[in-house]
file target00.cif (mmCIF, C-alpha atoms)
data_data
#
loop_
_atom_site.label_atom_id
_atom_site.label_comp_id
_atom_site.auth_asym_id
_atom_site.auth_seq_id
_atom_site.Cartn_x
_atom_site.Cartn_y
_atom_site.Cartn_z
CA MET D 19 -25.78 -3.29 -16.07
CA ASP D 20 -23.39 -2.29 -18.80
CA LEU D 21 -19.82 -3.33 -17.91
CA GLY D 22 -18.20 -0.07 -19.00
CA LYS D 23 -20.72 2.01 -17.08
CA ARG D 24 -20.19 -0.07 -13.96
CA LEU D 25 -16.42 0.28 -14.31
CA ILE D 26 -16.56 4.07 -14.65
CA GLU D 27 -18.89 4.20 -11.66
CA ALA D 28 -16.49 2.08 -9.60
CA LEU D 29 -13.56 4.34 -10.52
CA GLY D 30 -15.29 7.54 -9.43
CA PHE D 31 -15.52 8.93 -5.93
CA GLN D 32 -18.80 10.12 -4.48
CA THR D 33 -18.80 13.28 -2.44
CA VAL D 34 -20.53 12.56 0.86
CA PHE D 35 -20.81 16.18 2.03
CA THR D 36 -19.10 19.51 1.57
CA ILE D 37 -17.62 21.80 4.20
CA HIS D 38 -17.81 25.54 3.54
CA ILE D 39 -15.12 27.59 5.24
CA GLY D 40 -14.97 31.24 4.22
CA GLY D 41 -15.85 30.71 0.58
CA VAL D 42 -13.64 27.65 0.21
CA ASN D 43 -15.51 24.42 -0.45
CA ILE D 44 -13.84 21.27 0.85
CA ALA D 45 -15.44 18.17 -0.60
CA ILE D 46 -15.40 15.21 1.80
CA THR D 47 -15.28 12.14 -0.46
CA GLU D 48 -16.10 8.59 0.56
CA THR D 49 -12.35 7.88 0.77
CA VAL D 50 -12.06 10.32 3.67
CA VAL D 51 -15.13 8.92 5.42
CA ILE D 52 -13.88 5.32 5.15
CA THR D 53 -10.47 6.46 6.40
CA TRP D 54 -12.25 7.95 9.42
CA VAL D 55 -14.00 4.62 9.96
CA VAL D 56 -10.64 2.81 9.88
CA MET D 57 -9.12 5.34 12.27
CA ALA D 58 -12.05 5.08 14.68
CA LEU D 59 -11.87 1.28 14.56
CA LEU D 60 -8.14 1.28 15.32
CA ILE D 61 -8.43 3.84 18.12
CA VAL D 62 -11.38 2.11 19.82
CA VAL D 63 -9.84 -1.37 19.54
CA SER D 64 -6.43 -0.19 20.82
CA PHE D 65 -8.14 1.59 23.70
CA LEU D 66 -10.19 -1.48 24.61
CA VAL D 67 -7.37 -4.04 24.44
CA THR D 68 -4.88 -1.94 26.41
CA ARG D 69 -7.35 -0.92 29.14
CA ASN D 70 -6.31 -3.21 31.96
CA LEU D 71 -2.95 -4.75 31.18
CA LYS D 72 -1.53 -7.16 33.75
CA GLU D 73 2.00 -8.05 34.77
CA ILE D 74 1.45 -11.65 33.74
CA PRO D 75 -0.23 -11.64 30.32
CA THR D 76 -3.37 -13.68 29.83
CA GLY D 77 -5.68 -14.19 26.88
CA PHE D 78 -5.60 -11.43 24.33
CA GLN D 79 -2.69 -9.66 25.98
CA THR D 80 -0.30 -12.43 24.88
CA ILE D 81 -1.18 -11.81 21.22
CA LEU D 82 -0.76 -8.08 21.76
CA GLU D 83 2.61 -8.45 23.41
CA SER D 84 3.96 -10.81 20.77
CA PHE D 85 2.88 -8.37 18.05
CA VAL D 86 4.57 -5.42 19.73
CA GLU D 87 7.67 -7.50 20.38
CA PHE D 88 7.79 -8.64 16.74
CA LEU D 89 7.53 -5.02 15.66
CA ASN D 90 10.27 -3.88 18.04
CA ASN D 91 12.60 -6.67 16.95
CA PHE D 92 11.97 -5.90 13.29
CA SER D 93 12.68 -2.21 13.88
CA LYS D 94 15.77 -2.99 15.93
CA GLU D 95 17.12 -5.07 13.07
CA GLN D 96 16.42 -2.28 10.58
CA PHE D 97 17.21 0.95 12.39
CA GLY D 98 19.81 -0.04 14.97
CA HIS D 99 19.71 1.42 18.47
CA SER D 100 17.41 4.41 17.77
CA TYR D 101 14.61 2.06 16.76
CA TYR D 102 12.13 3.29 19.38
CA ILE D 103 11.56 6.55 17.45
CA TYR D 104 10.50 4.83 14.25
CA ALA D 105 8.89 1.59 15.48
CA PRO D 106 5.53 3.25 16.34
CA TYR D 107 5.29 4.79 12.86
CA ILE D 108 6.04 1.48 11.14
CA GLY D 109 3.48 -0.31 13.33
CA THR D 110 0.81 2.32 12.79
CA ILE D 111 1.21 2.26 9.01
CA PHE D 112 1.13 -1.54 8.98
CA LEU D 113 -2.03 -1.76 11.11
CA PHE D 114 -3.73 1.03 9.17
CA LEU D 115 -3.00 -0.56 5.79
CA ILE D 116 -4.11 -4.02 6.94
CA VAL D 117 -7.44 -2.70 8.22
CA ALA D 118 -7.91 -0.39 5.23
CA ASN D 119 -7.21 -3.15 2.71
CA LEU D 120 -9.27 -5.82 4.48
CA LEU D 121 -12.26 -3.63 5.40
CA PRO D 122 -13.96 -3.89 1.96
CA MET D 123 -14.44 -7.63 2.60
CA PHE D 124 -17.23 -6.68 5.01
CA SER D 125 -18.99 -4.47 2.49
CA PRO D 126 -22.67 -5.43 2.01
CA ILE D 127 -23.67 -6.39 -1.53
CA GLY D 128 -26.91 -5.72 -3.35
CA ALA D 129 -29.41 -8.53 -3.80
CA PHE D 130 -32.74 -9.01 -5.58
CA GLY D 131 -32.18 -5.93 -7.71
CA ARG D 132 -31.76 -3.66 -4.70
CA ALA D 133 -28.67 -1.58 -4.10
CA PRO D 134 -26.85 -2.10 -0.77
CA LEU D 135 -27.36 0.43 2.02
CA PHE D 136 -23.72 1.51 1.98
CA GLU D 137 -20.54 0.31 0.33
CA LEU D 138 -17.10 -0.02 1.89
CA LYS D 139 -14.60 0.50 -0.88
CA PRO D 140 -10.88 0.32 -0.07
CA PRO D 141 -9.64 3.85 0.68
CA THR D 142 -6.24 2.93 -0.76
CA ARG D 143 -7.74 2.79 -4.27
CA ASP D 144 -7.67 6.60 -4.17
CA ILE D 145 -4.28 7.95 -5.20
CA ASN D 146 -4.69 10.92 -2.83
CA MET D 147 -4.72 8.53 0.13
CA THR D 148 -1.61 6.57 -0.92
CA ALA D 149 0.18 9.78 -1.90
CA ALA D 150 -0.46 11.16 1.58
CA LEU D 151 1.08 8.04 3.15
CA ALA D 152 4.08 8.20 0.80
CA ILE D 153 4.67 11.89 1.55
CA MET D 154 4.55 11.12 5.28
CA THR D 155 7.21 8.46 4.75
CA ILE D 156 9.52 10.71 2.74
CA LEU D 157 9.14 13.50 5.33
CA ILE D 158 10.25 11.06 8.02
CA VAL D 159 13.17 10.03 5.80
CA ILE D 160 14.26 13.66 5.41
CA VAL D 161 13.75 14.58 9.07
CA GLY D 162 15.47 11.39 10.21
CA GLY D 163 18.39 12.20 7.91
CA PHE D 164 18.67 15.69 9.43
CA LYS D 165 18.58 14.20 12.91
CA LYS D 166 21.26 11.67 12.08
CA ARG D 167 23.71 13.77 10.07
CA GLY D 168 22.97 17.29 11.22
CA PHE D 169 21.95 20.18 8.96
CA LYS D 170 25.30 20.57 7.18
CA GLY D 171 26.08 16.89 7.02
CA TRP D 172 22.78 16.14 5.32
CA PHE D 173 23.47 18.57 2.48
CA LYS D 174 27.00 17.25 2.24
CA HIS D 175 25.82 13.66 1.87
CA LEU D 176 23.77 14.71 -1.17
CA ALA D 177 27.06 15.25 -3.02
CA GLU D 178 28.36 11.77 -2.28
CA PRO D 179 30.17 9.90 -3.74
CA ILE D 180 30.91 12.60 -6.37
CA PRO D 181 29.39 16.11 -6.74
CA MET D 182 27.94 15.12 -10.12
CA MET D 183 25.45 12.87 -8.30
CA VAL D 184 23.52 15.78 -6.72
CA PRO D 185 20.60 15.85 -9.20
CA PHE D 186 20.22 12.07 -9.01
CA ASN D 187 20.26 12.11 -5.22
CA LEU D 188 17.64 14.87 -5.25
CA MET D 189 15.54 12.94 -7.76
CA GLU D 190 15.34 10.09 -5.27
CA PHE D 191 13.14 12.23 -3.04
CA ILE D 192 10.55 12.41 -5.82
CA ILE D 193 10.88 8.90 -7.22
CA LYS D 194 10.71 7.09 -3.87
CA PRO D 195 7.33 8.47 -2.72
CA MET D 196 5.94 8.27 -6.25
CA SER D 197 6.77 4.60 -6.62
CA LEU D 198 5.46 3.89 -3.09
CA ALA D 199 2.17 5.65 -3.80
CA LEU D 200 1.67 4.26 -7.29
CA ARG D 201 2.47 0.68 -6.26
CA LEU D 202 -0.12 0.57 -3.50
CA PHE D 203 -2.70 2.50 -5.51
CA GLY D 204 -2.29 0.43 -8.67
CA ASN D 205 -2.39 -2.91 -6.91
CA ILE D 206 -5.49 -2.15 -4.86
CA LEU D 207 -7.27 -0.47 -7.77
CA GLY D 208 -6.46 -3.38 -10.08
CA ALA D 209 -7.76 -5.94 -7.60
CA PHE D 210 -10.84 -3.79 -7.01
CA ILE D 211 -11.63 -3.50 -10.74
CA ILE D 212 -11.18 -7.24 -11.28
CA MET D 213 -13.52 -7.98 -8.35
CA GLN D 214 -16.08 -5.54 -9.76
CA LEU D 215 -15.94 -7.28 -13.15
CA ILE D 216 -16.27 -10.74 -11.59
CA GLU D 217 -19.21 -9.61 -9.46
CA ALA D 218 -20.87 -8.13 -12.53
CA VAL D 219 -20.44 -11.28 -14.63
CA ALA D 220 -21.10 -13.99 -12.01
CA PRO D 221 -22.62 -12.59 -8.82
CA ILE D 222 -23.24 -15.93 -7.09
CA GLY D 223 -20.69 -18.51 -5.96
CA ILE D 224 -17.64 -17.37 -7.93
CA PRO D 225 -16.70 -14.03 -6.23
CA PRO D 226 -15.73 -15.46 -2.79
CA VAL D 227 -13.12 -17.74 -4.38
CA PHE D 228 -11.45 -14.87 -6.21
CA SER D 229 -11.97 -12.55 -3.26
CA LEU D 230 -9.68 -14.84 -1.28
CA TYR D 231 -6.78 -13.76 -3.48
CA PHE D 232 -7.73 -10.29 -4.70
CA ASP D 233 -9.07 -8.97 -1.40
CA ILE D 234 -7.23 -10.84 1.33
CA ILE D 235 -3.82 -12.01 0.05
CA ASP D 236 -3.21 -9.05 -2.24
CA GLY D 237 -4.23 -6.57 0.45
CA LEU D 238 -1.99 -8.20 3.04
CA ILE D 239 1.00 -8.45 0.69
CA GLN D 240 0.67 -4.82 -0.34
CA ALA D 241 0.42 -3.70 3.29
CA LEU D 242 3.55 -5.74 4.03
CA VAL D 243 5.44 -4.41 1.00
CA PHE D 244 4.56 -0.79 1.77
CA THR D 245 5.69 -1.18 5.38
CA PHE D 246 8.84 -3.02 4.37
CA LEU D 247 9.87 -0.43 1.78
CA THR D 248 9.07 2.39 4.20
CA SER D 249 11.30 0.85 6.84
CA LEU D 250 14.00 0.24 4.24
CA TYR D 251 14.00 3.88 3.11
CA ILE D 252 14.06 5.13 6.71
CA ALA D 253 16.84 2.70 7.62
CA GLU D 254 18.87 3.91 4.64
CA ALA D 255 18.54 7.50 5.85
CA VAL D 256 19.24 6.97 9.55
CA GLU D 257 21.92 4.27 9.50
CA MET J 10 -14.08 5.41 -26.97
CA ASP J 11 -11.64 6.32 -29.70
CA PRO J 12 -10.15 3.10 -31.11
CA ILE J 13 -6.65 4.56 -30.98
CA VAL J 14 -7.08 5.13 -27.23
CA ALA J 15 -8.13 1.51 -26.77
CA ILE J 16 -5.07 0.32 -28.71
CA GLY J 17 -2.83 2.59 -26.62
CA ALA J 18 -4.31 1.26 -23.39
CA GLY J 19 -3.73 -2.30 -24.60
CA ILE J 20 -0.10 -1.58 -25.45
CA ALA J 21 0.45 0.07 -22.05
CA VAL J 22 -0.71 -3.10 -20.28
CA LEU J 23 1.97 -5.08 -22.18
CA THR J 24 4.39 -3.94 -19.46
CA GLY J 25 3.03 -6.97 -17.58
CA LEU J 26 5.34 -9.09 -19.73
CA GLY J 27 8.44 -7.74 -18.03
CA ALA J 28 6.96 -8.10 -14.57
CA GLY J 29 5.98 -11.69 -15.29
CA VAL J 30 9.49 -12.61 -16.45
CA GLY J 31 11.03 -10.79 -13.49
CA ILE J 32 8.82 -12.41 -10.87
CA GLY J 33 9.33 -15.82 -12.47
CA LEU J 34 13.11 -15.42 -12.34
CA ALA J 35 12.99 -14.18 -8.76
CA THR J 36 10.79 -17.08 -7.63
CA GLY J 37 13.01 -19.62 -9.37
CA LYS J 38 16.17 -18.22 -7.82
CA ALA J 39 14.54 -17.94 -4.40
CA SER J 40 13.41 -21.57 -4.40
CA ASP J 41 16.90 -22.55 -5.62
CA ALA J 42 18.48 -20.65 -2.75
CA ILE J 43 16.07 -22.05 -0.14
CA SER J 44 16.63 -25.63 -1.30
CA ARG J 45 20.38 -25.08 -1.09
CA GLN J 46 20.29 -23.38 2.31
CA PRO J 47 16.99 -24.01 4.10
CA GLU J 48 18.24 -22.36 7.31
CA ALA J 49 18.51 -18.98 5.53
CA SER J 50 14.91 -19.09 4.29
CA GLY J 51 13.79 -16.15 6.45
CA LYS J 52 16.32 -13.74 5.01
CA ILE J 53 15.79 -15.05 1.47
CA GLN J 54 12.05 -14.57 1.82
CA SER J 55 12.32 -10.92 2.84
CA VAL J 56 14.68 -10.14 -0.04
CA PHE J 57 12.39 -12.10 -2.34
CA PHE J 58 9.32 -10.09 -1.33
CA LEU J 59 11.21 -6.86 -1.88
CA GLY J 60 12.38 -7.98 -5.32
CA ILE J 61 8.89 -9.06 -6.31
CA ALA J 62 7.47 -5.71 -5.21
CA LEU J 63 10.06 -3.84 -7.27
CA ALA J 64 9.60 -6.06 -10.33
CA GLU J 65 5.85 -5.80 -10.11
CA ALA J 66 5.96 -2.01 -10.05
CA THR J 67 6.63 -1.84 -13.80
CA ALA J 68 3.42 -3.74 -14.52
CA ILE J 69 1.53 -1.46 -12.16
CA TYR J 70 2.86 1.66 -13.93
CA GLY J 71 1.61 0.32 -17.24
CA PHE J 72 -1.73 -0.51 -15.69
CA VAL J 73 -2.09 2.95 -14.17
CA ILE J 74 -1.25 4.56 -17.51
CA SER J 75 -3.83 2.45 -19.33
CA ILE J 76 -6.49 3.37 -16.75
CA LEU J 77 -5.56 7.03 -17.16
CA LEU J 78 -5.85 6.70 -20.94
CA ILE J 79 -9.31 5.16 -20.66
CA VAL J 80 -10.71 7.48 -18.01
CA MET J 81 -9.20 10.76 -19.21
CA LYS J 82 -9.77 9.90 -22.90
#
call {"tool": "encode", "arguments": {"input": "target00.cif", "output": "structure tokens"}}
result
Amino acid sequence: MDLGKRLIEALGFQTVFTIHIGGVNIAITETVVITWVVMALLIVVSFLVTRNLKEIPTGFQTILESFVEFLNNFSKEQFGHSYYIYAPYIGTIFLFLIVANLLPMFSPIGAFGRAPLFELKPPTRDINMTAALAIMTILIVIVGGFKKRGFKGWFKHLAEPIPMMVPFNLMEFIIKPMSLALRLFGNILGAFIIMQLIEAVAPIGIPPVFSLYFDIIDGLIQALVFTFLTSLYIAEAVE
Amino acid sequence: MDPIVAIGAGIAVLTGLGAGVGIGLATGKASDAISRQPEASGKIQSVFFLGIALAEATAIYGFVISILLIVMK
């Protein structure tokens, strides 16, 4: 297939189905469907592994407990004593991004000139998805700031250290989510495009080697960076 | 594709230069710091990851702009 055509195809989003509500058409793209798959996976797995927890952990429960403990310690270090409000959010975003970035590894590929039955493309390659995550983060930053400083105190801290800084402090609330969203989106999309090109040029033998970096390591690092920056922004607002 | 668009997209991707220099500097300084104080490697690593992510963002912005140029024409 022509490289350019394949690239344009990979960049587009197919609409799986459309919901009609009172004359408004809501297109459900494949991004949304794959996000549902990730959500279902996370919910089912969390339900299954926490079904019968014991006082003395055995088997899988030890892994679970060490993960939760790691998360709590990380949050405690970042947010101080009110960590228990924000730790679940940080953990959820981290787990979601890991699964969302690593899921495309299990996507079936076409062989013998036949197209695969379905394709799992990373949902984070859609800027709408990453923008939603970034907006969630900045909302928590704002709400956490209100909680910490009170209504008046929050507006007062916008004018610190000098009143001239107000526009710059306000600009932060646009720049922070934008850089969060664009970083995740650009990284995942870039890795995705490179993998598409490699698979188009050399479909046998070569892709798994590159997939090791572009799918696994890049996805993990970006999940880590997004979580880390999120926790940093929240910590800055609530400390 | 209009040739001028292709040239523009190519120039936009040149932002990778800055990110490369930045990440190289950060890695060099981080390995310096770890070799000087191996016991602080955990803290150095977290700062290092953060710095890399921030330095890399410039390259990503250029990349996103070049993709926009190509797709939107």
call {"tool": "interface_residues", "arguments": {"input": "target00.cif", "of": "chain D", "to": "chain J", "cutoff": "10 Å", "atoms": "all atoms listed in the file", "output": "number ranges by chain"}}
result
D: 25-26, 29-30, 197-198, 200-205, 207-208, 239-240, 242-244, 246-247, 250
call {"tool": "residues_around", "arguments": {"input": "target00.cif", "residues": "stretch 186-196 of chain D", "least_positions_apart": "3", "cutoff": "9 Å", "atoms": "all atoms listed in the file", "output": "number ranges by chain"}}
result
D: 149, 151-156, 160, 176-178, 182-183, 199-201, 251
call {"tool": "resolve_selection", "arguments": {"input": "target00.cif", "expression": "the PyMOL selection byres ((chain D and resi 53-59) around 10)", "output": "ChimeraX atom specification"}}
result
/D:48-52,60-65,113-119,121,138,140-142,147
call {"tool": "resolve_selection", "arguments": {"input": "target00.cif", "expression": "the PyMOL selection byres ((chain D and resi 85-97) around 8)", "output": "PyMOL selection string"}}
result
chain D and resi 81-84+98-102+104-105+109+249-250+252-253+256-257
call {"tool": "residues_around", "arguments": {"input": "target00.cif", "residues": "J:Asp11", "least_positions_apart": "3", "cutoff": "12 Å", "atoms": "all atoms listed in the file", "output": "PyMOL selection string"}}
result
chain J and resi 14-18+78-82
call {"tool": "atom_distance", "arguments": {"input": "target00.cif", "atom1": "atom CA of D:Phe124", "atom2": "atom CA of D:Pro226"}}
result
11.8 Å
call {"tool": "residues_around", "arguments": {"input": "target00.cif", "residues": "J:Ile43", "least_positions_apart": "6", "cutoff": "8 Å", "atoms": "all atoms listed in the file", "output": "PyMOL selection string"}}
result
chain J and resi 49-50+53
call {"tool": "atom_distance", "arguments": {"input": "target00.cif", "atom1": "atom CA of D:Phe78", "atom2": "atom CA of D:Thr245"}}
result
24.3 Å
